[in-house]
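The next block is target-v9.tsv, given as TSV, C-alpha atoms.
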```tsv
chain	number	residue	atom	x	y	z
P	227	MET	CA	-125.25	-44.55	-13.41
P	228	PRO	CA	-128.44	-42.44	-13.66
P	229	ASP	CA	-130.24	-42.21	-17.00
P	230	ALA	CA	-128.93	-39.47	-19.31
P	231	ILE	CA	-131.17	-36.47	-20.02
P	232	GLU	CA	-132.63	-36.82	-23.51
P	233	LYS	CA	-134.83	-33.74	-23.84
P	234	VAL	CA	-135.08	-30.28	-22.26
P	235	SER	CA	-137.70	-27.58	-22.66
P	236	ILE	CA	-136.39	-24.21	-21.57
P	237	ILE	CA	-138.63	-21.25	-20.73
P	238	VAL	CA	-137.13	-17.78	-21.23
P	239	SER	CA	-139.28	-15.24	-19.38
P	240	LYS	CA	-136.89	-12.30	-18.87
P	241	GLY	CA	-135.95	-9.51	-21.26
P	242	SER	CA	-132.64	-8.42	-19.73
P	243	LEU	CA	-129.22	-9.55	-20.94
P	244	GLU	CA	-128.47	-11.48	-17.74
P	245	GLY	CA	-131.97	-12.93	-17.82
P	246	VAL	CA	-131.65	-14.19	-21.38
P	247	TYR	CA	-128.18	-15.70	-21.77
P	248	PRO	CA	-128.48	-18.54	-19.24
P	249	GLY	CA	-131.44	-20.09	-21.07
P	250	LEU	CA	-129.75	-19.69	-24.45
P	251	ILE	CA	-126.49	-21.21	-23.21
P	252	MET	CA	-128.37	-24.14	-21.69
P	253	ALA	CA	-130.32	-24.74	-24.92
P	254	ASN	CA	-127.23	-24.56	-27.10
P	255	GLY	CA	-125.28	-26.72	-24.65
P	256	ALA	CA	-128.05	-29.30	-24.66
P	257	ARG	CA	-127.91	-29.59	-28.46
P	258	ALA	CA	-124.11	-29.81	-28.35
P	259	GLU	CA	-124.53	-32.90	-26.14
P	260	GLY	CA	-127.07	-34.39	-28.51
P	261	ILE	CA	-130.00	-33.56	-26.20
P	262	GLU	CA	-133.25	-32.51	-27.86
P	263	ALA	CA	-134.17	-28.90	-26.95
P	264	ASN	CA	-137.28	-26.71	-27.08
P	265	LEU	CA	-137.22	-23.00	-26.26
P	266	PHE	CA	-140.39	-21.27	-25.11
P	267	PHE	CA	-140.30	-17.48	-25.00
P	268	THR	CA	-142.80	-15.81	-22.72
P	269	PHE	CA	-143.45	-12.32	-21.33
P	270	PHE	CA	-140.41	-10.05	-21.79
P	271	GLY	CA	-138.47	-13.05	-23.04
P	272	LEU	CA	-140.34	-12.46	-26.32
P	273	ASP	CA	-137.84	-9.66	-27.03
P	274	VAL	CA	-135.26	-12.37	-27.76
P	275	ILE	CA	-137.16	-13.45	-30.88
P	276	HIS	CA	-138.58	-10.02	-31.74
P	277	LYS	CA	-137.08	-8.83	-35.05
P	278	GLU	CA	-136.64	-5.22	-33.97
P	279	ARG	CA	-135.79	-5.78	-30.32
P	280	HIS	CA	-133.46	-8.76	-30.21
P	281	ASP	CA	-130.45	-6.61	-31.02
P	282	HIS	CA	-131.21	-4.16	-28.18
P	283	ILE	CA	-131.38	-6.34	-25.10
P	284	LYS	CA	-129.63	-4.62	-22.22
P	285	LEU	CA	-128.06	-5.50	-18.94
P	286	ALA	CA	-130.25	-4.45	-15.98
P	287	THR	CA	-128.17	-1.86	-14.13
P	288	VAL	CA	-130.96	-0.94	-11.69
P	289	GLY	CA	-132.18	-3.36	-9.04
P	290	ASN	CA	-129.31	-5.71	-9.80
P	291	PRO	CA	-127.26	-6.15	-6.61
P	292	GLY	CA	-124.93	-8.58	-8.39
P	293	LEU	CA	-123.35	-5.66	-10.23
P	294	HIS	CA	-122.07	-4.20	-6.94
P	295	PHE	CA	-122.60	-0.59	-7.70
P	296	ALA	CA	-125.08	2.01	-6.47
P	297	THR	CA	-128.62	1.77	-7.85
P	298	LEU	CA	-128.62	5.55	-8.25
P	299	LEU	CA	-125.57	5.33	-10.48
P	300	GLY	CA	-127.09	2.46	-12.46
P	301	GLY	CA	-130.12	4.62	-13.21
P	302	LEU	CA	-128.15	7.41	-14.89
P	303	PRO	CA	-128.87	7.77	-18.62
P	304	GLY	CA	-126.59	5.64	-20.78
P	305	VAL	CA	-125.18	3.49	-17.97
P	306	SER	CA	-127.15	0.43	-19.04
P	307	SER	CA	-125.93	0.82	-22.65
P	308	VAL	CA	-122.31	1.29	-21.60
P	309	MET	CA	-122.41	-1.75	-19.33
P	310	THR	CA	-124.11	-3.80	-22.08
P	311	THR	CA	-121.37	-2.88	-24.57
P	312	TYR	CA	-118.71	-3.74	-21.97
P	313	MET	CA	-120.31	-7.16	-21.38
P	314	ALA	CA	-120.67	-7.78	-25.11
P	315	ARG	CA	-116.91	-7.23	-25.60
P	316	LYS	CA	-116.05	-9.58	-22.77
P	317	MET	CA	-118.41	-12.23	-24.12
P	318	GLU	CA	-117.06	-12.00	-27.66
P	319	LYS	CA	-113.60	-12.79	-26.27
P	320	LEU	CA	-115.04	-15.95	-24.73
P	321	ASP	CA	-116.69	-16.97	-28.01
P	322	ILE	CA	-120.20	-16.20	-26.68
P	323	PRO	CA	-122.17	-14.76	-29.63
P	324	PRO	CA	-124.43	-11.68	-29.52
P	325	ILE	CA	-128.09	-12.56	-28.89
P	326	PRO	CA	-129.40	-12.40	-32.51
P	327	GLU	CA	-126.56	-14.60	-33.80
P	328	PHE	CA	-126.90	-16.96	-30.83
P	329	VAL	CA	-130.63	-17.47	-31.39
P	330	GLU	CA	-130.08	-18.14	-35.11
P	331	MET	CA	-127.31	-20.58	-34.25
P	332	ILE	CA	-129.51	-22.39	-31.73
P	333	ALA	CA	-132.24	-22.73	-34.37
P	334	ASP	CA	-129.61	-24.14	-36.77
P	335	THR	CA	-128.67	-26.78	-34.19
P	336	GLY	CA	-132.19	-28.15	-34.57
P	337	ALA	CA	-133.70	-26.72	-31.37
P	338	ALA	CA	-137.34	-25.64	-31.76
P	339	LEU	CA	-138.33	-22.06	-30.91
P	340	TYR	CA	-141.83	-21.15	-29.73
P	341	ALA	CA	-143.58	-17.96	-28.65
P	342	CYS	CA	-146.11	-17.99	-25.81
P	343	LYS	CA	-149.62	-17.21	-27.05
P	344	ALA	CA	-150.80	-15.44	-23.89
P	345	SER	CA	-147.83	-13.04	-24.00
P	346	VAL	CA	-148.13	-12.49	-27.75
P	347	ASP	CA	-151.79	-11.51	-27.24
P	348	LEU	CA	-150.94	-9.38	-24.21
P	349	PHE	CA	-148.37	-7.33	-26.14
P	350	GLY	CA	-150.48	-7.18	-29.32
P	351	LEU	CA	-147.89	-8.99	-31.44
P	352	ASP	CA	-148.20	-11.51	-34.28
P	353	LYS	CA	-145.96	-13.98	-36.12
P	354	GLY	CA	-144.71	-11.22	-38.44
P	355	ASP	CA	-143.02	-9.49	-35.49
P	356	PHE	CA	-140.75	-12.46	-34.90
P	357	ILE	CA	-137.64	-13.79	-36.56
P	358	PRO	CA	-138.39	-16.51	-39.15
P	359	GLN	CA	-136.79	-19.23	-36.99
P	360	VAL	CA	-139.80	-19.17	-34.65
P	361	CYS	CA	-141.73	-22.39	-35.36
P	362	ASP	CA	-145.07	-21.38	-33.90
P	363	ILE	CA	-147.06	-19.41	-31.34
P	364	ILE	CA	-148.33	-21.96	-28.85
P	365	THR	CA	-150.46	-22.15	-25.71
P	366	VAL	CA	-149.16	-23.31	-22.36
P	367	GLY	CA	-151.02	-26.60	-22.87
P	368	GLU	CA	-149.26	-27.17	-26.19
P	369	PHE	CA	-145.96	-26.35	-24.50
P	370	TYR	CA	-146.54	-29.11	-21.95
P	371	GLU	CA	-147.33	-31.54	-24.78
P	372	LYS	CA	-144.05	-30.69	-26.49
P	373	ALA	CA	-142.17	-30.90	-23.19
P	374	ALA	CA	-143.61	-34.34	-22.38
P	375	GLY	CA	-141.00	-36.91	-21.42
P	376	GLY	CA	-138.26	-34.34	-20.83
P	377	GLU	CA	-137.04	-31.82	-18.27
P	378	ILE	CA	-138.50	-28.32	-17.99
P	379	ILE	CA	-136.16	-25.45	-17.09
P	380	PHE	CA	-137.57	-22.04	-16.15
P	381	THR	CA	-135.34	-18.99	-16.55
L	232	MET	CA	-107.20	-46.26	-17.59
L	233	PRO	CA	-109.55	-47.98	-20.07
L	234	THR	CA	-108.29	-49.10	-23.43
L	235	LYS	CA	-110.06	-49.77	-26.70
L	236	SER	CA	-109.00	-51.60	-29.80
L	237	TYR	CA	-109.39	-49.88	-33.17
L	238	ASP	CA	-107.91	-51.06	-36.46
L	239	GLY	CA	-106.22	-53.83	-34.50
L	240	VAL	CA	-104.33	-51.44	-32.18
L	241	ASP	CA	-104.92	-50.90	-28.43
L	242	VAL	CA	-105.40	-47.21	-27.57
L	243	SER	CA	-105.96	-45.38	-24.24
L	244	VAL	CA	-109.30	-43.66	-23.80
L	245	ASP	CA	-111.13	-41.90	-20.94
L	246	GLU	CA	-114.38	-43.14	-19.34
L	247	GLN	CA	-116.42	-41.60	-22.17
L	248	GLY	CA	-114.28	-43.12	-24.89
L	249	PHE	CA	-112.27	-40.04	-25.91
L	250	PHE	CA	-108.62	-40.65	-26.80
L	251	THR	CA	-106.26	-39.58	-24.04
L	252	ASP	CA	-103.26	-39.78	-26.37
L	253	PRO	CA	-104.20	-38.32	-29.78
L	254	SER	CA	-100.90	-39.52	-31.28
L	255	GLN	CA	-102.26	-43.10	-31.11
L	256	TRP	CA	-105.00	-42.23	-33.62
L	257	ARG	CA	-104.81	-43.39	-37.27
L	258	GLU	CA	-107.24	-42.50	-40.06
L	259	PRO	CA	-108.53	-46.10	-40.52
L	260	MET	CA	-109.76	-46.00	-36.89
L	261	ALA	CA	-112.25	-43.23	-37.65
L	262	SER	CA	-114.88	-45.37	-39.37
L	263	GLU	CA	-114.88	-47.88	-36.50
L	264	ILE	CA	-115.38	-45.14	-33.90
L	265	ALA	CA	-118.08	-43.54	-36.07
L	266	ALA	CA	-119.95	-46.83	-36.31
L	267	GLU	CA	-119.84	-47.21	-32.51
L	268	GLU	CA	-121.32	-43.74	-32.14
L	269	GLY	CA	-124.10	-44.37	-34.64
L	270	VAL	CA	-122.75	-41.85	-37.15
L	271	GLY	CA	-122.80	-44.30	-40.06
L	272	GLU	CA	-120.71	-44.17	-43.22
L	273	LEU	CA	-118.19	-41.31	-43.20
L	274	THR	CA	-118.55	-39.02	-46.22
L	275	ASP	CA	-116.14	-36.40	-47.56
L	276	ARG	CA	-118.09	-33.82	-45.52
L	277	HIS	CA	-117.54	-35.80	-42.32
L	278	TRP	CA	-113.87	-36.02	-43.17
L	279	GLN	CA	-113.63	-32.30	-43.73
L	280	VAL	CA	-114.80	-31.81	-40.13
L	281	ILE	CA	-112.65	-34.61	-38.71
L	282	LYS	CA	-109.50	-33.27	-40.38
L	283	PHE	CA	-110.33	-29.77	-39.21
L	284	MET	CA	-110.67	-31.05	-35.63
L	285	ARG	CA	-107.24	-32.69	-35.82
L	286	HIS	CA	-105.73	-29.56	-37.31
L	287	GLU	CA	-107.23	-27.27	-34.63
L	288	TYR	CA	-106.10	-29.62	-31.90
L	289	GLU	CA	-102.56	-29.71	-33.22
L	290	GLU	CA	-102.49	-25.90	-33.54
L	291	LYS	CA	-104.21	-24.93	-30.30
L	292	GLY	CA	-104.12	-27.93	-28.00
L	293	SER	CA	-107.91	-28.29	-27.81
L	294	GLY	CA	-110.81	-29.01	-30.13
L	295	PRO	CA	-112.99	-26.11	-31.36
L	296	SER	CA	-116.51	-25.27	-30.14
L	297	VAL	CA	-119.51	-25.82	-32.43
L	298	ARG	CA	-119.61	-22.07	-33.10
L	299	ALA	CA	-115.97	-22.03	-34.14
L	300	LEU	CA	-116.52	-25.13	-36.27
L	301	GLY	CA	-119.45	-23.46	-38.04
L	302	LYS	CA	-117.40	-20.34	-38.72
L	303	THR	CA	-114.12	-21.83	-39.83
L	304	SER	CA	-114.46	-25.46	-40.92
L	305	GLY	CA	-116.36	-24.66	-44.12
L	306	VAL	CA	-119.36	-26.69	-42.87
L	307	SER	CA	-122.38	-24.74	-41.56
L	308	ILE	CA	-123.91	-25.40	-38.16
L	309	LYS	CA	-127.05	-26.82	-39.75
L	310	GLU	CA	-124.99	-29.31	-41.77
L	311	LEU	CA	-122.76	-30.12	-38.78
L	312	TYR	CA	-125.84	-31.30	-36.89
L	313	GLN	CA	-126.98	-33.31	-39.92
L	314	LEU	CA	-123.59	-34.99	-40.11
L	315	PHE	CA	-123.25	-35.53	-36.35
L	316	PRO	CA	-126.78	-35.39	-34.88
L	317	LYS	CA	-125.70	-36.31	-31.35
L	318	GLY	CA	-123.43	-33.27	-31.01
L	319	PRO	CA	-120.92	-32.22	-33.71
L	320	ALA	CA	-118.00	-30.98	-31.60
L	321	LYS	CA	-118.25	-33.91	-29.21
L	322	LEU	CA	-118.68	-36.66	-31.81
L	323	ALA	CA	-116.19	-35.26	-34.31
L	324	ALA	CA	-113.63	-34.98	-31.50
L	325	LYS	CA	-114.20	-38.58	-30.51
L	326	ILE	CA	-113.93	-39.82	-34.10
L	327	ALA	CA	-110.86	-37.63	-34.68
L	328	GLY	CA	-109.16	-39.15	-31.63
L	329	ILE	CA	-108.78	-35.95	-29.62
L	330	PRO	CA	-110.03	-35.11	-26.10
L	331	LYS	CA	-113.57	-33.79	-25.64
L	332	PRO	CA	-113.73	-29.99	-26.14
L	333	ARG	CA	-114.68	-28.37	-22.84
L	334	GLY	CA	-116.24	-25.06	-24.00
L	335	CYS	CA	-119.78	-24.12	-22.90
L	336	ILE	CA	-120.76	-22.59	-26.23
```

I'd like the structure from this file rewritten - as structure tokens, please.
Amino acid sequence: MPDAIEKVSIIVSKGSLEGVYPGLIMANGARAEGIEANLFFTFFGLDVIHKERHDHIKLATVGNPGLHFATLLGGLPGVSSVMTTYMARKMEKLDIPPIPEFVEMIADTGAALYACKASVDLFGLDKGDFIPQVCDIITVGEFYEKAAGGEIIFT
Amino acid sequence: MPTKSYDGVDVSVDEQGFFTDPSQWREPMASEIAAEEGVGELTDRHWQVIKFMRHEYEEKGSGPSVRALGKTSGVSIKELYQLFPKGPAKLAAKIAGIPKPRGCI
């Protein structure tokens, strides 16, 4: 039998609902299996740990062929919000928490949360913009140090 | 099907060691399973979770997810991971003699 995975470091680089959940589910699932987990938020993924933005992450209704409806329709005002609310209801039924609660829960499981320094500088943010569960703002080099000996997952 | 012996009784388990017949489980078996899983001495807090797992299984036919445990067992998620560092829902299910919960959350 192959060796079990003991550590994962998951990069969240997207700021859309469908871009964010997979990484969160994989991090939480790793901890549930007793696997050590680091989360590294970069670029628009920083919204997930941003105090004022993490409750407003929306489903991409434009340029998302997986939704199977016309891009023109997806671009109408309010469509993204309506679809996001619809998804949120479906997810709640399946016991999938809203993003702010999910991130807090993942931190409570003992996973470590980090913000990417290059992105933080790019967007003019600082530690005060983030939820208190964020351990640190780190460079890509520091990320690789923390990821050493485990698997890296990019989302 | 593999079998294991706990508290002097042979029980049926799956390849990962989860009970396939929860009715074979008895409370004195819990500490032996916990020791095997590296959980250590079972405290009242561990027991609160273990009994909750049994109760949920008997009510619903499956063990709860970690999120559900954190919300309804009276033990927070932080503490659940302190009690069962290698995965609360999974380990508590094994110690409580019920099948492994299959939720993704």

Q. Counting only C-alpha atoms, which residues of chain L come no farther than 10 Å from chain P, as a PyMOL selection string?
A. chain L and resi 296-299+301+307-313+315-322+334-336

Q | Atom pair CA of Phe295 in chain P / CA of Leu272 in chain P: separation (Å) | A |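 About the pair CA of Phe295 in chain P and CA of Leu272 in chain P: they are 28.3 Å apart.
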
Q: State, in Å with one decimal place, the distance from CA of Lys282 in chain L to CA of Thr234 in chain L.
A: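 Taking CA of Lys282 in chain L and CA of Thr234 in chain L, their separation equals 23.2 Å.
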
Q: Would you list the contacts of range 264-269 of chain P as a PyMOL selection string, taking every protein, DNA or RNA residue within 9 Å and counting only C-alpha atoms, but skipping same-chain residues closer than 5 positions in sequence?
A: chain P and resi 233-241+249-250+253+274-275+337-346+348-349+364+369+372-373

Q. So what do you get for CA of Val360 in chain P versus CA of Asp281 in chain P, distance-wise?
A.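 Separating CA of Val360 in chain P from CA of Asp281 in chain P is a distance of 16.1 Å.
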
Q: May I have the residues within 10 Å of Val240 in chain L as a list in words, using only C-alpha atoms and disregarding those fewer than 3 positions away in the same chain?
A: Thr234, Lys235, Ser236, Tyr237, Gln255, Trp256, Arg257 and Met260 of chain L

For range 248-250 of chain L, please output as a PDB file with C-alpha atoms, keeping the file's coordinate frame all residues within 10 Å (counting all atoms listed in the file; exclusion window: fewer than 4 positions along the same chain).
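Result went into out_14.pdb, see below:
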```
ATOM      1  CA  PRO L 233    -109.550 -47.980 -20.070  1.00  0.00           C
ATOM      2  CA  THR L 234    -108.290 -49.100 -23.430  1.00  0.00           C
ATOM      3  CA  LYS L 235    -110.060 -49.770 -26.700  1.00  0.00           C
ATOM      4  CA  VAL L 242    -105.400 -47.210 -27.570  1.00  0.00           C
ATOM      5  CA  SER L 243    -105.960 -45.380 -24.240  1.00  0.00           C
ATOM      6  CA  VAL L 244    -109.300 -43.660 -23.800  1.00  0.00           C
ATOM      7  CA  SER L 254    -100.900 -39.520 -31.280  1.00  0.00           C
ATOM      8  CA  GLN L 255    -102.260 -43.100 -31.110  1.00  0.00           C
ATOM      9  CA  TRP L 256    -105.000 -42.230 -33.620  1.00  0.00           C
ATOM     10  CA  ILE L 264    -115.380 -45.140 -33.900  1.00  0.00           C
ATOM     11  CA  LYS L 321    -118.250 -33.910 -29.210  1.00  0.00           C
ATOM     12  CA  LEU L 322    -118.680 -36.660 -31.810  1.00  0.00           C
ATOM     13  CA  ALA L 324    -113.630 -34.980 -31.500  1.00  0.00           C
ATOM     14  CA  LYS L 325    -114.200 -38.580 -30.510  1.00  0.00           C
ATOM     15  CA  ILE L 326    -113.930 -39.820 -34.100  1.00  0.00           C
ATOM     16  CA  ALA L 327    -110.860 -37.630 -34.680  1.00  0.00           C
ATOM     17  CA  GLY L 328    -109.160 -39.150 -31.630  1.00  0.00           C
ATOM     18  CA  ILE L 329    -108.780 -35.950 -29.620  1.00  0.00           C
ATOM     19  CA  PRO L 330    -110.030 -35.110 -26.100  1.00  0.00           C
ATOM     20  CA  LYS L 331    -113.570 -33.790 -25.640  1.00  0.00           C
TER      21      LYS L 331
END
```

Q. Which protein, DNA or RNA residues have an atom at most 12 Å from (-110.5, -22.8, -39.4), counting all atoms listed in the file? List them as a ChimeraX atom specification.
A. /L:279-280,282-288,290-291,294-306

Q.
Need to verify the contact set: His282 in chain P, 10 Å, all atoms listed in the file, exclusion of same-chain residues closer than 5 positions in sequence. Can you return it as a list in words?
A. Gly241, Ser242, Leu243, Asp273, Val274, Ser307, Thr310, Ile325 and Pro326 of chain P

Keeping C-alpha atoms for every residue in the selection just given, could you write it to a file as a PDB file, in the coordinates of the input?
```
ATOM      1  CA  GLY P 241    -135.950  -9.510 -21.260  1.00  0.00           C
ATOM      2  CA  SER P 242    -132.640  -8.420 -19.730  1.00  0.00           C
ATOM      3  CA  LEU P 243    -129.220  -9.550 -20.940  1.00  0.00           C
ATOM      4  CA  ASP P 273    -137.840  -9.660 -27.030  1.00  0.00           C
ATOM      5  CA  VAL P 274    -135.260 -12.370 -27.760  1.00  0.00           C
ATOM      6  CA  SER P 307    -125.930   0.820 -22.650  1.00  0.00           C
ATOM      7  CA  THR P 310    -124.110  -3.800 -22.080  1.00  0.00           C
ATOM      8  CA  ILE P 325    -128.090 -12.560 -28.890  1.00  0.00           C
ATOM      9  CA  PRO P 326    -129.400 -12.400 -32.510  1.00  0.00           C
TER      10      PRO P 326
END
```
